[in-house]
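Source file: work-v8.txt (compact mmCIF, C-alpha atoms and all ligand atoms)
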# COMPACT_ATOMS: atom_id res chain seq x y z
CA MET T 218 -23.69 -17.07 -16.46
CA THR T 219 -19.94 -16.48 -15.99
CA ASP T 220 -18.96 -13.77 -13.52
CA HIS T 221 -15.99 -11.74 -14.80
CA GLN T 222 -15.63 -9.27 -11.95
CA PRO T 223 -12.00 -9.34 -10.76
CA VAL T 224 -11.29 -10.74 -7.30
CA GLU T 225 -9.78 -8.18 -4.89
CA LEU T 226 -6.68 -9.44 -3.12
CA VAL T 227 -6.08 -7.28 -0.07
CA VAL T 228 -2.63 -7.60 1.50
CA LEU T 229 -3.03 -6.56 5.14
CA CYS T 230 0.30 -5.44 6.61
CA GLY T 231 1.32 -3.65 9.75
CA PHE T 232 3.95 -4.05 12.38
CA LEU T 233 3.75 -6.72 15.13
CA GLY T 234 0.88 -5.97 17.46
CA SER T 235 -0.35 -2.99 15.46
CA GLY T 236 -3.91 -4.34 15.26
CA LYS T 237 -4.18 -6.33 12.00
CA THR T 238 -6.02 -9.32 13.46
CA THR T 239 -8.37 -7.09 15.44
CA LEU T 240 -9.23 -5.02 12.37
CA LEU T 241 -9.76 -8.10 10.22
CA SER T 242 -11.89 -9.88 12.83
CA GLU T 243 -14.10 -6.81 13.20
CA PHE T 244 -14.53 -6.56 9.44
CA LEU T 245 -15.47 -10.22 9.19
CA ARG T 246 -17.97 -9.87 12.02
CA GLN T 247 -19.79 -6.98 10.40
CA THR T 248 -19.78 -8.07 6.79
CA GLN T 249 -21.34 -10.60 4.45
CA LEU T 250 -18.70 -13.31 4.55
CA ARG T 251 -19.74 -15.64 1.83
CA ASP T 252 -17.85 -13.76 -0.87
CA THR T 253 -14.63 -13.43 1.19
CA ALA T 254 -11.76 -15.82 1.88
CA VAL T 255 -8.88 -15.21 4.28
CA ILE T 256 -5.25 -16.35 4.29
CA VAL T 257 -3.34 -15.85 7.53
CA ASN T 258 0.44 -15.97 7.61
CA GLU T 259 2.21 -16.41 10.90
CA ALA T 260 5.92 -16.66 11.37
CA GLY T 261 5.52 -19.24 14.16
CA GLU T 262 4.20 -22.77 14.08
CA ILE T 263 1.12 -22.21 16.21
CA GLY T 264 -1.56 -20.24 14.41
CA ILE T 265 -2.97 -17.97 17.10
CA ASP T 266 -4.11 -15.28 14.67
CA GLY T 267 -5.88 -17.90 12.56
CA VAL T 268 -7.77 -19.10 15.64
CA LEU T 269 -8.76 -15.53 16.50
CA VAL T 270 -9.95 -14.77 12.97
CA ALA T 271 -11.90 -18.01 12.74
CA GLU T 272 -13.65 -17.47 16.09
CA ASP T 273 -17.43 -17.40 15.45
CA GLN T 274 -16.80 -17.60 11.69
CA GLU T 275 -17.85 -21.11 10.73
CA ALA T 276 -18.63 -20.18 7.14
CA LEU T 277 -15.24 -18.56 6.51
CA ASP T 278 -12.89 -20.12 3.97
CA LEU T 279 -9.67 -19.68 5.99
CA ARG T 280 -6.23 -20.93 4.90
CA MET T 281 -3.14 -20.83 7.07
CA LEU T 282 0.42 -20.22 5.94
CA ALA T 283 2.26 -20.90 9.18
CA ASN T 284 5.82 -21.49 10.28
CA GLY T 285 7.55 -19.07 7.93
CA CYS T 286 7.20 -15.65 6.42
CA VAL T 287 5.12 -15.10 3.33
CA CYS T 288 7.60 -12.57 1.93
CA CYS T 289 10.52 -15.02 2.01
CA SER T 290 10.14 -18.77 2.66
CA LEU T 291 6.45 -19.20 1.82
CA ARG T 292 6.20 -17.38 -1.50
CA SER T 293 5.33 -20.41 -3.62
CA SER T 294 2.84 -21.63 -0.99
CA LEU T 295 1.13 -18.26 -1.28
CA VAL T 296 0.73 -18.61 -5.05
CA THR T 297 -0.65 -22.14 -4.71
CA THR T 298 -3.01 -21.13 -1.92
CA VAL T 299 -4.41 -18.15 -3.85
CA ALA T 300 -4.76 -20.26 -7.02
CA ASP T 301 -6.60 -22.95 -5.00
CA LEU T 302 -9.01 -20.41 -3.62
CA LEU T 303 -9.72 -18.98 -7.07
CA ASP T 304 -10.27 -22.46 -8.53
CA ALA T 305 -12.25 -23.99 -5.69
CA PRO T 306 -15.88 -24.67 -6.66
CA ARG T 307 -18.18 -22.33 -4.76
CA PRO T 308 -20.47 -23.96 -2.19
CA VAL T 309 -24.03 -24.46 -3.44
CA GLY T 310 -25.94 -21.17 -3.24
CA ALA T 311 -22.82 -19.13 -2.38
CA PRO T 312 -22.01 -15.96 -4.35
CA ALA T 313 -18.86 -15.69 -6.48
CA LEU T 314 -15.60 -15.10 -4.60
CA ARG T 315 -15.07 -11.32 -4.50
CA ARG T 316 -12.29 -10.80 -2.03
CA VAL T 317 -9.28 -12.60 -0.58
CA ILE T 318 -7.63 -10.97 2.43
CA LEU T 319 -4.04 -11.96 3.24
CA GLU T 320 -3.04 -11.08 6.79
CA THR T 321 0.74 -11.02 6.74
CA SER T 322 3.06 -11.60 9.67
CA GLY T 323 4.19 -8.35 11.25
CA LEU T 324 7.68 -8.75 9.79
CA SER T 325 6.66 -9.27 6.15
CA ARG T 326 7.61 -6.75 3.49
CA PRO T 327 5.00 -6.18 0.79
CA GLY T 328 7.41 -5.91 -2.19
CA PRO T 329 8.33 -9.61 -2.36
CA ILE T 330 4.70 -10.58 -1.72
CA LEU T 331 3.54 -8.53 -4.70
CA ALA T 332 6.36 -10.02 -6.77
CA SER T 333 5.06 -13.52 -5.90
CA LEU T 334 1.54 -12.53 -6.89
CA ALA T 335 2.85 -11.55 -10.33
CA ASP T 336 3.48 -15.30 -10.93
CA PRO T 337 2.16 -16.44 -14.36
CA GLU T 338 -0.04 -18.93 -12.51
CA LEU T 339 -2.00 -15.97 -11.12
CA SER T 340 -1.39 -13.06 -13.45
CA SER T 341 -3.82 -14.30 -16.10
CA ARG T 342 -6.67 -14.34 -13.59
CA GLY T 343 -7.16 -10.60 -13.25
CA LEU T 344 -6.64 -10.20 -9.50
CA ARG T 345 -6.85 -6.61 -8.23
CA VAL T 346 -4.18 -6.35 -5.58
CA SER T 347 -4.11 -3.62 -2.94
CA VAL T 348 -2.13 -3.06 0.25
CA ILE T 349 -3.50 -1.86 3.59
CA SER T 350 -1.19 -1.14 6.50
CA THR T 351 -2.13 -0.64 10.13
CA LEU T 352 -0.27 1.90 12.24
CA ASP T 353 -0.49 1.84 16.02
CA ALA T 354 -1.54 5.37 17.03
CA GLN T 355 -0.46 4.79 20.60
CA SER T 356 3.12 3.70 20.00
CA GLY T 357 3.58 5.21 16.55
CA GLY T 358 5.21 1.99 15.39
CA LEU T 359 8.27 3.73 14.01
CA ARG T 360 10.84 2.96 16.65
CA THR T 361 14.36 2.38 15.39
CA GLU T 362 14.40 -1.38 15.85
CA GLN T 363 11.32 -1.87 13.68
CA PHE T 364 11.72 1.08 11.39
CA GLU T 365 12.84 -0.62 8.19
CA ASP T 366 10.02 -3.19 8.05
CA ALA T 367 7.41 -0.69 9.21
CA ALA T 368 8.53 1.88 6.63
CA ALA T 369 8.35 -0.70 3.82
CA GLN T 370 4.81 -1.64 4.91
CA LEU T 371 3.56 1.93 5.27
CA ALA T 372 5.12 3.16 2.02
CA ALA T 373 3.54 0.28 0.07
CA ALA T 374 0.04 0.96 1.33
CA GLN T 375 -2.83 2.49 -0.60
CA LYS T 376 -4.54 2.88 2.76
CA ILE T 377 -2.96 3.39 6.18
CA VAL T 378 -5.37 2.61 9.00
CA LEU T 379 -4.57 4.14 12.37
CA THR T 380 -5.44 1.72 15.18
CA LYS T 381 -5.78 2.11 18.98
CA ILE T 382 -7.18 5.58 18.37
CA ASP T 383 -9.31 5.09 21.48
CA LEU T 384 -6.11 5.22 23.53
CA VAL T 385 -4.81 8.59 22.32
CA ASP T 386 -5.92 12.23 22.54
CA ASP T 387 -6.60 14.44 19.52
CA ALA T 388 -3.16 16.05 19.51
CA THR T 389 -1.37 12.68 19.44
CA LEU T 390 -3.73 11.45 16.75
CA ALA T 391 -3.01 14.50 14.56
CA GLU T 392 0.73 13.91 14.99
CA ARG T 393 0.38 10.23 13.98
CA VAL T 394 -1.56 11.24 10.88
CA ARG T 395 1.24 13.60 9.91
CA GLN T 396 3.86 10.91 10.52
CA ALA T 397 1.97 8.56 8.25
CA GLN T 398 1.68 11.23 5.57
CA ALA T 399 5.38 11.98 5.79
CA ILE T 400 6.19 8.35 5.05
CA ASN T 401 3.60 7.87 2.34
CA PRO T 402 1.97 11.00 1.00
CA LEU T 403 0.22 8.90 -1.66
CA ALA T 404 -1.78 6.88 0.84
CA GLU T 405 -5.29 7.48 2.05
CA ILE T 406 -4.97 7.82 5.83
CA LEU T 407 -7.95 6.51 7.79
CA PHE T 408 -8.24 7.78 11.34
CA GLY T 409 -11.91 8.22 12.16
CA ARG T 410 -12.90 7.64 15.79
CA GLU T 411 -16.12 5.92 14.68
CA ARG T 412 -14.74 2.38 14.59
CA ALA T 413 -17.35 0.66 12.41
CA ALA T 414 -16.97 3.32 9.71
CA LEU T 415 -13.18 3.04 9.94
CA VAL T 416 -13.30 -0.74 9.49
CA ASP T 417 -15.64 -0.41 6.50
CA ALA T 418 -13.49 2.25 4.86
CA ALA T 419 -10.37 0.14 5.38
CA PHE T 420 -11.69 -2.72 3.25
CA ALA T 421 -13.77 -0.75 0.75
CA PRO T 422 -12.37 -1.13 -2.79
CA ALA T 423 -10.10 1.73 -3.85
CA ASN T 424 -11.58 4.02 -6.47
CA GLU T 425 -9.55 3.49 -9.66
CA ASN T 426 -10.91 6.39 -11.65
CA THR T 427 -9.32 9.32 -9.93
CA LEU T 428 -5.72 10.19 -10.59
CA PRO T 429 -4.72 13.21 -8.54
CA ILE T 430 -1.34 11.61 -7.76
CA ALA T 431 0.71 14.77 -7.48
CA GLU T 432 -2.06 16.79 -5.88
CA VAL T 433 -2.65 14.18 -3.21
CA ALA T 434 1.04 13.90 -2.47
CA ALA T 435 1.48 17.67 -2.36
CA ALA T 436 -1.55 18.11 -0.11
CA ASN T 437 -0.26 15.50 2.25
CA LEU T 438 3.08 17.24 2.37
CA SER T 439 1.62 20.72 2.74
CA TYR T 440 2.80 20.79 6.34
CA SER T 441 6.40 20.58 5.05
CA GLY T 442 8.68 22.84 6.96
CA SER T 443 6.74 22.31 10.18
CA GLY T 444 9.18 19.64 11.28
CA PHE T 445 7.15 16.55 10.48
CA GLU T 446 9.26 15.25 7.60
CA HIS T 447 10.91 12.00 8.57
CA HIS T 448 14.68 12.28 8.53
CA ARG T 449 15.10 8.79 7.01
CA ILE T 450 12.26 8.86 4.48
CA HIS T 451 12.68 10.83 1.26
CA VAL T 452 9.68 11.70 -0.87
CA LEU T 453 11.00 12.64 -4.31
CA CYS T 454 9.38 13.86 -7.45
CA GLY T 455 10.86 13.37 -10.87
CA GLU T 456 11.00 15.02 -14.26
CA ALA T 457 11.41 12.85 -17.33
CA ALA T 458 13.51 14.16 -20.25
CA PRO T 459 11.28 15.54 -23.01
CA GLY T 460 10.57 12.93 -25.68
CA ILE T 461 11.49 9.98 -23.45
CA SER T 462 10.86 6.54 -24.97
CA TRP T 463 9.35 3.61 -23.09
CA GLU T 464 12.66 1.79 -23.38
CA ASN T 465 14.58 4.64 -21.72
CA LEU T 466 11.99 5.00 -18.99
CA SER T 467 12.05 1.29 -18.22
CA TRP T 468 15.86 1.29 -18.15
CA TRP T 469 15.72 4.11 -15.64
CA LEU T 470 13.20 2.22 -13.49
CA ASP T 471 15.42 -0.86 -13.53
CA ASP T 472 18.53 1.20 -12.73
CA LEU T 473 16.73 2.88 -9.84
CA ALA T 474 15.69 -0.50 -8.40
CA GLY T 475 19.23 -1.83 -8.88
CA LEU T 476 20.84 1.16 -7.19
CA ALA T 477 18.40 1.56 -4.31
CA GLY T 478 17.58 -2.10 -3.56
CA GLU T 479 15.75 -2.34 -0.24
CA LYS T 480 15.92 1.43 0.15
CA LEU T 481 13.40 1.85 -2.67
CA LEU T 482 9.97 1.76 -1.03
CA ARG T 483 7.51 3.02 -3.63
CA VAL T 484 7.23 4.38 -7.17
CA LYS T 485 4.13 5.86 -8.72
CA ALA T 486 4.39 7.55 -12.09
CA LEU T 487 2.20 8.69 -14.93
CA VAL T 488 4.41 9.45 -17.92
CA THR T 489 3.78 10.05 -21.60
CA VAL T 490 6.39 8.23 -23.70
CA THR T 491 7.06 8.64 -27.41
CA ASP T 492 5.83 5.14 -28.26
CA CYS T 493 2.32 5.61 -26.96
CA GLU T 494 -0.33 8.30 -27.27
CA GLU T 495 -1.73 7.91 -23.77
CA PRO T 496 0.26 8.24 -20.56
CA ILE T 497 1.53 5.06 -18.93
CA LEU T 498 0.87 4.41 -15.24
CA ILE T 499 3.71 2.64 -13.46
CA GLN T 500 3.42 1.36 -9.92
CA GLY T 501 6.25 -0.08 -7.87
CA VAL T 502 6.36 -1.49 -4.36
CA GLY T 503 9.88 -2.18 -3.13
CA THR T 504 11.85 -3.14 -6.23
CA THR T 505 8.85 -4.86 -7.84
CA TYR T 506 7.06 -3.03 -10.61
CA GLY T 507 3.52 -3.94 -11.63
CA MET T 508 2.38 -4.24 -15.23
CA PRO T 509 2.48 -0.76 -16.83
CA ARG T 510 -1.03 0.46 -17.70
CA ARG T 511 -2.04 2.73 -20.58
CA MET T 512 -4.39 5.34 -19.15
CA LEU T 513 -6.83 5.78 -22.02
CA THR T 514 -8.81 8.58 -20.39
CA GLN T 515 -5.81 10.62 -19.22
CA LYS T 516 -4.49 12.05 -22.51
CA ASN T 517 -2.51 15.31 -22.21
CA ARG T 518 -2.07 15.01 -18.46
CA PRO T 519 1.28 16.41 -17.34
CA ASP T 520 3.82 13.79 -16.28
CA VAL T 521 4.03 12.93 -12.59
CA ILE T 522 6.76 10.80 -11.05
CA ILE T 523 6.84 10.16 -7.31
CA VAL T 524 9.45 8.00 -5.61
CA ILE T 525 9.68 7.17 -1.90
CA THR T 526 13.03 5.98 -0.55
CA ARG T 527 14.52 5.20 2.83
CA ASP T 528 18.00 6.50 3.72
CA LEU T 529 18.65 7.54 0.12
CA SER T 530 18.31 11.16 -1.00
CA ALA T 531 17.74 12.66 -4.45
CA ALA T 532 21.32 14.00 -4.38
CA GLU T 533 22.75 10.53 -3.66
CA ILE T 534 20.75 9.04 -6.52
CA SER T 535 21.88 11.83 -8.88
CA GLU T 536 25.53 11.12 -8.06
CA HIS T 537 25.12 7.69 -9.65
CA PHE T 538 22.92 8.77 -12.56
CA ALA T 539 24.63 11.83 -14.02
CA GLN T 540 23.04 11.43 -17.47
CA SER T 541 19.74 10.08 -16.21
CA ALA T 542 16.57 10.09 -18.33
CA VAL T 543 14.69 11.18 -15.20
CA LYS T 544 15.85 13.80 -12.71
CA LEU T 545 14.68 13.46 -9.10
CA TYR T 546 14.13 16.31 -6.63
CA PRO T 547 13.03 16.37 -2.98
CA MET T 548 9.28 16.78 -3.11
CA ALA T 549 9.01 19.01 -0.06
CA GLY T 550 10.97 21.75 -1.80
CA VAL T 551 9.02 21.77 -5.04
CA ALA T 552 5.52 20.67 -4.09
CA SER T 553 3.83 23.96 -3.39
CA SER T 554 5.58 26.05 -6.02
CA ARG T 555 5.04 23.56 -8.86
CA LEU T 556 1.62 22.26 -7.99
CA GLY T 557 -0.26 25.38 -7.01
CA HIS T 558 -2.80 26.35 -4.37
CA SER T 559 -5.50 23.81 -5.21
CA SER T 560 -3.42 21.14 -3.57
CA GLN T 561 -3.22 22.86 -0.19
CA ILE T 562 -5.98 20.99 1.62
CA SER T 563 -5.95 21.44 5.36
CA LEU T 564 -5.70 18.40 7.58
CA SER T 565 -8.93 19.11 9.44
CA SER T 566 -11.08 18.97 6.31
CA ARG T 567 -9.97 15.45 5.45
CA SER T 568 -10.99 13.03 8.19
CA PHE T 569 -11.81 10.47 5.50
CA TYR T 570 -9.92 11.47 2.41
CA ALA T 571 -11.54 11.52 -0.95
CA SER T 572 -10.47 8.22 -2.39
CA ASN T 573 -7.31 8.30 -4.45
CA ASP T 574 -6.44 5.20 -6.41
CA LEU T 575 -3.09 4.75 -4.75
N1 LIG F 601 -7.55 -0.37 22.70
C1 LIG F 601 -7.32 -0.94 21.52
N2 LIG F 601 -6.60 -2.08 21.47
C2 LIG F 601 -6.37 -2.65 20.27
C3 LIG F 601 -6.87 -2.07 19.05
N3 LIG F 601 -6.47 -2.85 18.01
C4 LIG F 601 -5.75 -3.86 18.57
N4 LIG F 601 -5.70 -3.75 19.92
C5 LIG F 601 -5.02 -4.65 20.87
O1 LIG F 601 -3.63 -4.71 20.52
C6 LIG F 601 -3.13 -6.03 20.70
C7 LIG F 601 -2.54 -6.54 19.38
O2 LIG F 601 -3.58 -6.56 18.40
P1 LIG F 601 -3.59 -7.59 17.18
O3 LIG F 601 -4.83 -7.31 16.41
O4 LIG F 601 -3.36 -8.98 17.66
O5 LIG F 601 -2.30 -7.08 16.40
P2 LIG F 601 -1.58 -7.81 15.16
O6 LIG F 601 -1.04 -6.71 14.30
O7 LIG F 601 -2.49 -8.79 14.51
O8 LIG F 601 -0.40 -8.56 15.92
P3 LIG F 601 0.64 -9.67 15.32
O9 LIG F 601 -0.21 -10.77 14.77
O10 LIG F 601 1.44 -10.05 16.52
O11 LIG F 601 1.47 -8.99 14.31
C8 LIG F 601 -4.32 -6.86 21.18
O12 LIG F 601 -4.25 -6.95 22.57
C9 LIG F 601 -5.55 -6.07 20.75
O13 LIG F 601 -6.64 -6.28 21.60
C10 LIG F 601 -7.62 -0.84 19.14
O14 LIG F 601 -8.06 -0.25 18.13
N5 LIG F 601 -7.81 -0.34 20.40

Go ahead and express the file in the form of structure tokens.
Ligand SMILES: Nc1nc2c(ncn2[C@@H]2O[C@H](COP(=O)(O)OP(=O)(O)OP(=O)(O)O)[C@@H](O)[C@H]2O)c(=O)[nH]1
Amino acid sequence: MTDHQPVELVVLCGFLGSGKTTLLSEFLRQTQLRDTAVIVNEAGEIGIDGVLVAEDQEALDLRMLANGCVCCSLRSSLVTTVADLLDAPRPVGAPALRRVILETSGLSRPGPILASLADPELSSRGLRVSVISTLDAQSGGLRTEQFEDAAAQLAAAQKIVLTKIDLVDDATLAERVRQAQAINPLAEILFGRERAALVDAAFAPANENTLPIAEVAAANLSYSGSGFEHHRIHVLCGEAAPGISWENLSWWLDDLAGLAGEKLLRVKALVTVTDCEEPILIQGVGTTYGMPRRMLTQKNRPDVIIVITRDLSAAEISEHFAQSAVKLYPMAGVASSRLGHSSQISLSSRSFYASNDL
């Protein structure tokens, strides 16, 4: 019988030394490995991380992409490696391949990686791609010299996993959670002190059926005004012109990517356009947009547009787009007044957040 369940491709990001290999090794030690393959990318020639991941894991299908970065020089090798894994005959008695985990080098940006995975060679095979980013709770990982790469990784993530929690007190941990939320209010932040549960939650498939995009973002920004907003990260929400067509919306998305370039970190939008009865879900990481999806069960939902940028404010974007089909506003200013009380969830009640799809 043919197995049609899509393979999950988990892109594991996080700044140098933030705990990616440790998290992955722990997951592999505590899980049924036979449905999982791993690709490790290391910028250097000697694959230390690969050795660490493979330790005690004889059954693991492990591929190395060494001596280059998967978001720049090794993009075609990534496509070939993933295609090989999907095509490889399964060992006798082994279950179907369910999951491929790509551990990226600490300097990789997720946008170009996702763009590579949109290659026609792979796009017909129904991969479900998600991004996890680790954040070092001890150092915070947002120092100036690493800020741009770290911000791109954190803003792309569906899940941000705080690591080295054992080394910090509760007050520091709470501050790290707020920092992570300020950079990506759409992400599920995992920060439980029970390590095995944290590791499991990190790699559990995201729930695709819930769509509280704006509510989640607003809840995560409900501390706004308490000084936790990051001065270089802008979380914006947008309003599309009434009666917008798909063509106008896609022009706007392209213009935004063209204007912002590397400063565009994330787009998530659910918009009803004149050409289609159901709202369209658009996801962007960096300047790469995924395939738009018609959300058949979400008819009559109000539009939601959320954009995360670095060093680029709503006012600066508006200066370039005077007659824009979408107007952007800083989210912190409008979140509570537009989205109501239901979104004001306190931090303490959310140690493992209800799953949001992105
Ligand atoms: N105490 C503690 N140490 C940790 C934790 N996670 C990682 N470390 C340590 O932090 C160091 C770096 O961890 P790695 O898992 O190698 O980090 P990485 O992100 O894979 O590093 P690169 O491959 O260099 O990007 C190692 O010495 C780990 O033992 C944690 O949760 N707690």

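Restricting the calculation to all atoms listed in the file, the smallest distance between Gln396 (chain T) and any of T:Ala419, T:Ser356, T:Asp471, T:Thr505 is found for T:Ser356.
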
Report as AutoDock Vina command-line options the centre and the edge lengths, in Å to one decimal, of the axis-aligned box holding every listed atom of ligand LIG 601 (chain F), padded by 8 Å on each side.
--center_x -3.3 --center_y -5.5 --center_z 18.5 --size_x 25.5 --size_y 26.5 --size_z 24.4

List every residue of chain T that has an atom at most 7 Å from any atom of ligand LIG 601 (chain F), and for each one report the closest atom pair and its distance in Å to one decimal, counting only C-alpha atoms and all ligand atoms, with rows sorted by chain and then by increasing residue number, as a Markdown table.
| residue | atom | partner | partner_atom | distance |
| --- | --- | --- | --- | --- |
| T:Gly231 | CA | F:LIG601 | O6 | 6.0 |
| T:Phe232 | CA | F:LIG601 | O11 | 5.9 |
| T:Leu233 | CA | F:LIG601 | O11 | 3.3 |
| T:Gly234 | CA | F:LIG601 | O8 | 3.3 |
| T:Ser235 | CA | F:LIG601 | O6 | 4.0 |
| T:Gly236 | CA | F:LIG601 | O3 | 3.3 |
| T:Lys237 | CA | F:LIG601 | O7 | 3.9 |
| T:Thr238 | CA | F:LIG601 | O7 | 3.7 |
| T:Thr239 | CA | F:LIG601 | O3 | 3.7 |
| T:Leu240 | CA | F:LIG601 | O3 | 6.4 |
| T:Asp266 | CA | F:LIG601 | O9 | 6.0 |
| T:Ser322 | CA | F:LIG601 | O11 | 5.6 |
| T:Gly323 | CA | F:LIG601 | O11 | 4.1 |
| T:Thr380 | CA | F:LIG601 | O14 | 4.4 |
| T:Lys381 | CA | F:LIG601 | O14 | 3.4 |
| T:Ile382 | CA | F:LIG601 | O14 | 5.9 |
| T:Asp383 | CA | F:LIG601 | N5 | 5.7 |
| T:Leu384 | CA | F:LIG601 | N1 | 5.8 |

Grab the residues selected above and save them as a PDB file, in the frame of the given file with C-alpha atoms.
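Everything below was put into result.pdb:
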ATOM      1  CA  GLY T 231       1.320  -3.650   9.750  1.00  0.00           C
ATOM      2  CA  PHE T 232       3.950  -4.050  12.380  1.00  0.00           C
ATOM      3  CA  LEU T 233       3.750  -6.720  15.130  1.00  0.00           C
ATOM      4  CA  GLY T 234       0.880  -5.970  17.460  1.00  0.00           C
ATOM      5  CA  SER T 235      -0.350  -2.990  15.460  1.00  0.00           C
ATOM      6  CA  GLY T 236      -3.910  -4.340  15.260  1.00  0.00           C
ATOM      7  CA  LYS T 237      -4.180  -6.330  12.000  1.00  0.00           C
ATOM      8  CA  THR T 238      -6.020  -9.320  13.460  1.00  0.00           C
ATOM      9  CA  THR T 239      -8.370  -7.090  15.440  1.00  0.00           C
ATOM     10  CA  LEU T 240      -9.230  -5.020  12.370  1.00  0.00           C
ATOM     11  CA  ASP T 266      -4.110 -15.280  14.670  1.00  0.00           C
ATOM     12  CA  SER T 322       3.060 -11.600   9.670  1.00  0.00           C
ATOM     13  CA  GLY T 323       4.190  -8.350  11.250  1.00  0.00           C
ATOM     14  CA  THR T 380      -5.440   1.720  15.180  1.00  0.00           C
ATOM     15  CA  LYS T 381      -5.780   2.110  18.980  1.00  0.00           C
ATOM     16  CA  ILE T 382      -7.180   5.580  18.370  1.00  0.00           C
ATOM     17  CA  ASP T 383      -9.310   5.090  21.480  1.00  0.00           C
ATOM     18  CA  LEU T 384      -6.110   5.220  23.530  1.00  0.00           C
TER      19      LEU T 384
END

* Structure fact -> Taken to one decimal, the CA of Ile349 (chain T)-CA of Pro337 (chain T) distance is 23.8 Å

Within 12 Å of region 448-453 of chain T, which residues of region 326-424 of chain T come that close, and what is the closest atom pair and distance in Å for each? Count all atoms listed in the file and give it as a tab-separated table.
residue	atom	partner	partner_atom	distance
T:Leu359	CA	T:Arg449	CA	11.0
T:Thr361	CA	T:Arg449	CA	10.6
T:Phe364	CA	T:Arg449	CA	9.5
T:Glu365	CA	T:Arg449	CA	9.7
T:Ala367	CA	T:Ile450	CA	11.7
T:Ala368	CA	T:Ile450	CA	8.2
T:Ala369	CA	T:Ile450	CA	10.3
T:Leu371	CA	T:Ile450	CA	11.2
T:Ala372	CA	T:Ile450	CA	9.5
T:Gln396	CA	T:Ile450	CA	10.5
T:Ala397	CA	T:Ile450	CA	11.0
T:Gln398	CA	T:Val452	CA	10.3
T:Ala399	CA	T:Ile450	CA	7.7
T:Ile400	CA	T:Ile450	CA	6.1
T:Asn401	CA	T:Val452	CA	7.9
T:Pro402	CA	T:Val452	CA	8.0
T:Leu403	CA	T:Val452	CA	9.9

* What is the distance between CA of Val385 (chain T) and CA of Glu243 (chain T), in Å to one decimal? -> 20.2 Å

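Coordinates place CA of Glu338 (chain T) at a distance of 27.6 Å from CA of Leu466 (chain T).
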
* region 534-543 of chain T surroundings by all atoms listed in the file, 9 Å radius, close-in-sequence under 3 positions cut, as a list in words -> Gly455, Glu456, Ala457, Ala458, Pro459, Ile461, Asn465, Leu466, Trp468, Trp469, Asp472, Leu473, Leu476, Ala477, Ile522, Leu529, Ser530 and Ala531 of chain T

Selected residues written out with C-alpha atoms, as a short mmCIF file (atom, residue, chain, number, x, y, z; two decimals), keeping the file's coordinate frame:
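The file below, again.cif, is the result:
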data_model
loop_
_atom_site.label_atom_id
_atom_site.label_comp_id
_atom_site.auth_asym_id
_atom_site.auth_seq_id
_atom_site.Cartn_x
_atom_site.Cartn_y
_atom_site.Cartn_z
CA GLY T 455 10.86 13.37 -10.87
CA GLU T 456 11.00 15.02 -14.26
CA ALA T 457 11.41 12.85 -17.33
CA ALA T 458 13.51 14.16 -20.25
CA PRO T 459 11.28 15.54 -23.01
CA ILE T 461 11.49 9.98 -23.45
CA ASN T 465 14.58 4.64 -21.72
CA LEU T 466 11.99 5.00 -18.99
CA TRP T 468 15.86 1.29 -18.15
CA TRP T 469 15.72 4.11 -15.64
CA ASP T 472 18.53 1.20 -12.73
CA LEU T 473 16.73 2.88 -9.84
CA LEU T 476 20.84 1.16 -7.19
CA ALA T 477 18.40 1.56 -4.31
CA ILE T 522 6.76 10.80 -11.05
CA LEU T 529 18.65 7.54 0.12
CA SER T 530 18.31 11.16 -1.00
CA ALA T 531 17.74 12.66 -4.45
#

* To do: Please identify all polymer residues within 10 Å of Gly478 (chain T), counting only C-alpha atoms, omitting same-chain residues fewer than 3 positions from it, and present them as a PyMOL selection string.
  => chain T and resi 472-475+481-482+503-504+526
